[in-house]
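Heads up, structure_6.pdb below (PDB, C-alpha atoms):
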ATOM      1  CA  MET M   1      30.072   6.059 -62.808
ATOM      2  CA  GLN M   2      32.883   5.542 -60.284
ATOM      3  CA  THR M   3      35.093   2.484 -60.197
ATOM      4  CA  ILE M   4      35.440   0.450 -57.014
ATOM      5  CA  ASP M   5      39.002   1.797 -56.652
ATOM      6  CA  GLU M   6      37.596   5.339 -56.688
ATOM      7  CA  LEU M   7      34.848   4.430 -54.215
ATOM      8  CA  LEU M   8      37.436   2.961 -51.822
ATOM      9  CA  GLU M   9      39.141   6.343 -51.556
ATOM     10  CA  GLY M  10      35.961   7.734 -49.928
ATOM     11  CA  ILE M  11      36.001   5.156 -47.109
ATOM     12  CA  ASP M  12      38.072   6.241 -44.085
ATOM     13  CA  VAL M  13      39.576   2.828 -43.358
ATOM     14  CA  PHE M  14      41.056   2.711 -46.871
ATOM     15  CA  ARG M  15      41.977   6.401 -47.224
ATOM     16  CA  GLY M  16      45.653   6.994 -47.988
ATOM     17  CA  LEU M  17      46.474   3.440 -49.056
ATOM     18  CA  GLY M  18      48.719   3.071 -52.078
ATOM     19  CA  ASP M  19      47.298   2.207 -55.478
ATOM     20  CA  ASP M  20      48.786  -1.293 -55.320
ATOM     21  CA  HIS M  21      46.914  -2.078 -52.097
ATOM     22  CA  LEU M  22      43.709  -0.414 -53.302
ATOM     23  CA  ASP M  23      43.839  -2.571 -56.446
ATOM     24  CA  LEU M  24      44.201  -5.751 -54.352
ATOM     25  CA  ILE M  25      41.306  -4.742 -52.088
ATOM     26  CA  ALA M  26      39.088  -3.687 -55.008
ATOM     27  CA  GLY M  27      39.537  -7.139 -56.532
ATOM     28  CA  CYS M  28      37.584  -8.565 -53.577
ATOM     29  CA  ALA M  29      34.723  -6.035 -53.679
ATOM     30  CA  LEU M  30      31.259  -5.752 -55.224
ATOM     31  CA  ASN M  31      28.814  -2.866 -55.252
ATOM     32  CA  ARG M  32      25.589  -3.794 -53.401
ATOM     33  CA  VAL M  33      22.233  -2.175 -52.641
ATOM     34  CA  PHE M  34      20.031  -3.241 -49.724
ATOM     35  CA  ALA M  35      16.365  -2.388 -49.197
ATOM     36  CA  ASP M  36      14.861  -1.321 -45.886
ATOM     37  CA  GLY M  37      14.875  -4.273 -43.481
ATOM     38  CA  ASP M  38      17.373  -6.390 -45.429
ATOM     39  CA  ALA M  39      19.918  -8.287 -43.337
ATOM     40  CA  LEU M  40      23.546  -7.533 -44.142
ATOM     41  CA  LEU M  41      24.905  -9.828 -41.411
ATOM     42  CA  THR M  42      23.327 -12.462 -39.174
ATOM     43  CA  GLU M  43      24.667 -13.169 -35.691
ATOM     44  CA  ASN M  44      26.807 -16.297 -35.317
ATOM     45  CA  GLU M  45      27.035 -17.040 -39.039
ATOM     46  CA  GLN M  46      30.305 -17.536 -40.885
ATOM     47  CA  ALA M  47      31.921 -14.116 -41.321
ATOM     48  CA  ASN M  48      33.095 -14.173 -44.912
ATOM     49  CA  THR M  49      31.855 -10.715 -45.847
ATOM     50  CA  PHE M  50      32.300  -7.184 -44.569
ATOM     51  CA  PHE M  51      30.940  -3.897 -45.853
ATOM     52  CA  ALA M  52      32.032  -0.325 -46.435
ATOM     53  CA  LEU M  53      28.834   1.700 -46.189
ATOM     54  CA  ARG M  54      28.557   4.354 -48.878
ATOM     55  CA  HIS M  55      25.047   5.629 -48.185
ATOM     56  CA  GLY M  56      22.309   4.910 -45.696
ATOM     57  CA  THR M  57      21.953   3.608 -42.172
ATOM     58  CA  VAL M  58      22.517   0.144 -40.712
ATOM     59  CA  ALA M  59      21.400  -0.938 -37.241
ATOM     60  CA  LEU M  60      23.575  -3.399 -35.314
ATOM     61  CA  GLU M  61      21.258  -5.586 -33.268
ATOM     62  CA  THR M  62      21.479  -8.375 -30.765
ATOM     63  CA  TYR M  63      18.715 -10.637 -29.503
ATOM     64  CA  VAL M  64      17.671 -10.227 -25.868
ATOM     65  CA  PRO M  65      15.342 -12.879 -24.431
ATOM     66  CA  GLU M  66      11.853 -11.524 -23.702
ATOM     67  CA  ARG M  67      12.717  -8.259 -25.519
ATOM     68  CA  GLY M  68      13.625  -9.396 -29.019
ATOM     69  CA  ALA M  69      16.085  -7.511 -31.212
ATOM     70  CA  VAL M  70      17.776  -4.571 -29.490
ATOM     71  CA  VAL M  71      19.727  -1.958 -31.459
ATOM     72  CA  ILE M  72      23.158  -1.537 -29.911
ATOM     73  CA  GLU M  73      24.699   0.787 -32.490
ATOM     74  CA  THR M  74      23.804   2.598 -35.692
ATOM     75  CA  LEU M  75      26.265   2.922 -38.577
ATOM     76  CA  HIS M  76      26.174   5.357 -41.487
ATOM     77  CA  GLY M  77      27.824   6.092 -44.829
ATOM     78  CA  GLY M  78      31.613   6.032 -44.499
ATOM     79  CA  ASP M  79      31.547   3.415 -41.726
ATOM     80  CA  VAL M  80      32.862  -0.128 -41.990
ATOM     81  CA  LEU M  81      30.570  -2.963 -40.951
ATOM     82  CA  GLY M  82      32.136  -6.219 -39.786
ATOM     83  CA  TRP M  83      35.565  -7.126 -38.571
ATOM     84  CA  SER M  84      34.968 -10.779 -37.742
ATOM     85  CA  TRP M  85      36.154 -11.753 -41.256
ATOM     86  CA  LEU M  86      39.665 -10.838 -40.090
ATOM     87  CA  PHE M  87      39.813 -12.732 -36.784
ATOM     88  CA  PRO M  88      39.265 -16.428 -36.088
ATOM     89  CA  PRO M  89      36.862 -18.092 -35.571
ATOM     90  CA  HIS M  90      35.358 -15.823 -38.288
ATOM     91  CA  ARG M  91      31.817 -15.723 -36.821
ATOM     92  CA  THR M  92      29.599 -12.630 -36.831
ATOM     93  CA  MET M  93      28.848 -11.105 -33.435
ATOM     94  CA  PHE M  94      25.654  -9.171 -34.262
ATOM     95  CA  ASP M  95      22.803  -8.873 -36.700
ATOM     96  CA  ALA M  96      23.055  -5.918 -39.079
ATOM     97  CA  ARG M  97      19.887  -4.623 -40.731
ATOM     98  CA  ALA M  98      19.334  -1.852 -43.295
ATOM     99  CA  ARG M  99      17.262   1.093 -42.093
ATOM    100  CA  GLY M 100      16.141   2.456 -45.419
ATOM    101  CA  VAL M 101      18.059   1.995 -48.652
ATOM    102  CA  VAL M 102      21.750   1.209 -48.103
ATOM    103  CA  ARG M 103      24.475   1.328 -50.712
ATOM    104  CA  ALA M 104      27.656  -0.478 -49.774
ATOM    105  CA  LEU M 105      30.771  -2.117 -51.044
ATOM    106  CA  ALA M 106      30.648  -5.789 -50.054
ATOM    107  CA  PHE M 107      34.029  -7.457 -49.585
ATOM    108  CA  ASP M 108      34.791 -11.137 -49.856
ATOM    109  CA  GLY M 109      36.658 -11.675 -46.582
ATOM    110  CA  VAL M 110      38.148 -15.007 -47.705
ATOM    111  CA  CYS M 111      39.579 -13.345 -50.823
ATOM    112  CA  LEU M 112      41.022 -10.493 -48.780
ATOM    113  CA  ARG M 113      42.453 -12.792 -46.078
ATOM    114  CA  GLU M 114      44.266 -14.715 -48.837
ATOM    115  CA  LYS M 115      45.663 -11.470 -50.245
ATOM    116  CA  CYS M 116      46.807 -10.458 -46.747
ATOM    117  CA  GLU M 117      48.616 -13.790 -46.375
ATOM    118  CA  GLN M 118      50.364 -13.197 -49.725
ATOM    119  CA  ASP M 119      51.151  -9.546 -48.891
ATOM    120  CA  PRO M 120      51.966  -9.251 -45.162
ATOM    121  CA  GLN M 121      52.315  -5.463 -45.439
ATOM    122  CA  LEU M 122      48.700  -5.235 -46.623
ATOM    123  CA  GLY M 123      47.656  -7.558 -43.797
ATOM    124  CA  TYR M 124      49.459  -5.422 -41.222
ATOM    125  CA  VAL M 125      47.969  -2.172 -42.512
ATOM    126  CA  LEU M 126      44.435  -3.604 -42.547
ATOM    127  CA  MET M 127      44.880  -5.137 -39.088
ATOM    128  CA  LYS M 128      45.961  -1.752 -37.702
ATOM    129  CA  ARG M 129      43.108   0.096 -39.357
ATOM    130  CA  PHE M 130      40.428  -2.388 -38.322
ATOM    131  CA  ALA M 131      41.848  -2.398 -34.784
ATOM    132  CA  GLU M 132      41.353   1.391 -34.714
ATOM    133  CA  VAL M 133      37.708   0.918 -35.748
ATOM    134  CA  MET M 134      37.269  -1.683 -32.999
ATOM    135  CA  VAL M 135      38.776   0.593 -30.342
ATOM    136  CA  GLU M 136      36.507   3.485 -31.389
ATOM    137  CA  ARG M 137      33.430   1.267 -31.241
ATOM    138  CA  LEU M 138      34.389  -0.212 -27.877
ATOM    139  CA  GLN M 139      34.946   3.290 -26.469
ATOM    140  CA  ALA M 140      31.552   4.406 -27.745
ATOM    141  CA  THR M 141      29.949   1.313 -26.212
ATOM    142  CA  ARG M 142      31.653   1.976 -22.877
ATOM    143  CA  LEU M 143      30.331   5.550 -22.824
ATOM    144  CA  ARG M 144      26.806   4.365 -23.673
ATOM    145  CA  LEU M 145      26.936   1.812 -20.854
ATOM    146  CA  LEU M 146      28.097   4.460 -18.396
ATOM    147  CA  ASP M 147      25.206   6.649 -19.499
ATOM    148  CA  VAL M 148      22.636   3.818 -19.299
ATOM    149  CA  TYR M 149      23.713   2.884 -15.786
ATOM    150  CA  GLY M 150      23.931   6.502 -14.612
ATOM    151  CA  LEU M 151      27.662   6.359 -14.016
ATOM    152  CA  VAL M 152      28.536   9.484 -15.993
ATOM    153  CA  PRO M 153      29.744  12.127 -13.517
ATOM    154  CA  ALA M 154      27.580  15.233 -13.156
ATOM    155  CA  ARG M 155      29.020  18.320 -14.801
TER
END

Rewrite the structure of this file - the entire thing - as C-alpha cells.
Amino acid sequence: MQTIDELLEGIDVFRGLGDDHLDLIAGCALNRVFADGDALLTENEQANTFFALRHGTVALETYVPERGAVVIETLHGGDVLGWSWLFPPHRTMFDARARGVVRALAFDGVCLREKCEQDPQLGYVLMKRFAEVMVERLQATRLRLLDVYGLVPAR
C-alpha cells in the first residue's frame, strides 16, 4: 500500500516538489473513494477541500434554468479538482459529481492555506502550479465555446 507522500508524486501539480513540501502537503490529505453519482463539490458552498483524482471520472456541472445540470468539463485520474480553496472568497464555482467509482486524495484547504502562510515558498509554488491548471482549463473552455458557436476557422 502506498503512502500519501508516494501518491502525491503521481499527481502532475505536485510532481517535482521537494520532500519537505510533499510532507507538508501530505499532512493535509486523506484518501477517499466516491461512488457513482456522489458529489465531490457543490456550487457556491465554502471551498475548504480540493481533490487530486487518482482514478475515475468526475463531471463538472453547472445549473442552467429550464435545462438542469449541464456538464461543462470532465476530469480524470491525474487531474486536480478545485482551486477555490486557494482564492478568496473561497466559494466553489461548480458542482462536481463522480461518474463511476472515483479514488482521490482529498485535501483540507484550510490546513494547506495555513501551511502556505507559514511557508511562503510553498505558497508561491502552489499558486504558480494552480494558476497553470486554471490557464489550461480556461483555454480549453475558450476552444469549446468557439466550437459551440461555430467560430472555429475552417481548415

* **Hits of the PyMOL selection byres ((chain M and resi 86-101) around 6) in this structure, as a list in words** =>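 Listing what the PyMOL selection byres ((chain M and resi 86-101) around 6) selects in the shown file: Phe34, Ala35, Asp36, Gly37, Asp38, Ala39, Leu40, Leu41, Thr42, Glu43, Asn44, Glu45, Gln46, Ala47, Gly56, Thr57, Val58, Ala59, Leu60, Glu61, Thr62, Trp83, Ser84, Trp85 and Val102 of chain M.
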
* Quick one: apply the PyMOL selection byres ((chain M and resi 23) around 12) to the file and drop the selected residues here as a PyMOL selection string. => chain M and resi 3-9+14+17-22+24-29+112+115+122

* Asked: How many Å separate CA of Tyr63 (chain M) from CA of Val133 (chain M)?
  ->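 Going from CA of Tyr63 (chain M) over to CA of Val133 (chain M), I get 23.1 Å.
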
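Between CA of Gly16 (chain M) and CA of Asn31 (chain M) there is a distance of 20.8 Å.
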
Using the file's own x, y and z axes, what box holds all listed atoms of region 9-18 of chain M with 3 Å on each side, keeping edges along x, y and z, and what are its centre and edge lengths in Å to one decimal, as lines of an AutoDock Vina configuration file?
center_x = 42.3
center_y = 5.2
center_z = -47.7
size_x = 18.8
size_y = 11.0
size_z = 14.7

* How many Å separate CA of Arg54 (chain M) from CA of Gly78 (chain M)? ->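 Computing it gives 5.6 Å between the two atoms.
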
* Skipping near chain neighbours, those fewer than 5 positions away, what residues fall within 12 Å of Thr141 (chain M) using all atoms listed in the file, listed as JSON, numbers by chain? -> {"M": [71, 72, 73, 74, 134, 135, 136, 146, 147, 148]}

* To do: Find, counting only C-alpha atoms, the residue in M:Arg142, M:Arg129, M:His76, M:Arg67 that gets nearest to Arg103 (chain M).
  =>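 Between M:Arg142, M:Arg129, M:His76, M:Arg67, the residue approaching Arg103 (chain M) most closely is M:His76.
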
* Which of M:Leu75, M:Gly68, M:Leu105, M:Lys128 sits closest to Gly10 (chain M) [using only C-alpha atoms] ->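 For Gly10 (chain M), the nearest of the given residues is M:Leu105.
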
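With distances restricted to all atoms listed in the file, M:Ala104 is the closest residue to His55 (chain M) from M:Ala69, M:Ala104, M:Ala140, M:Leu126.
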
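Closest approach to Gly109 (chain M) among M:Leu143, M:Gln2, M:Phe50, M:Arg15: M:Phe50, based on only C-alpha atoms.
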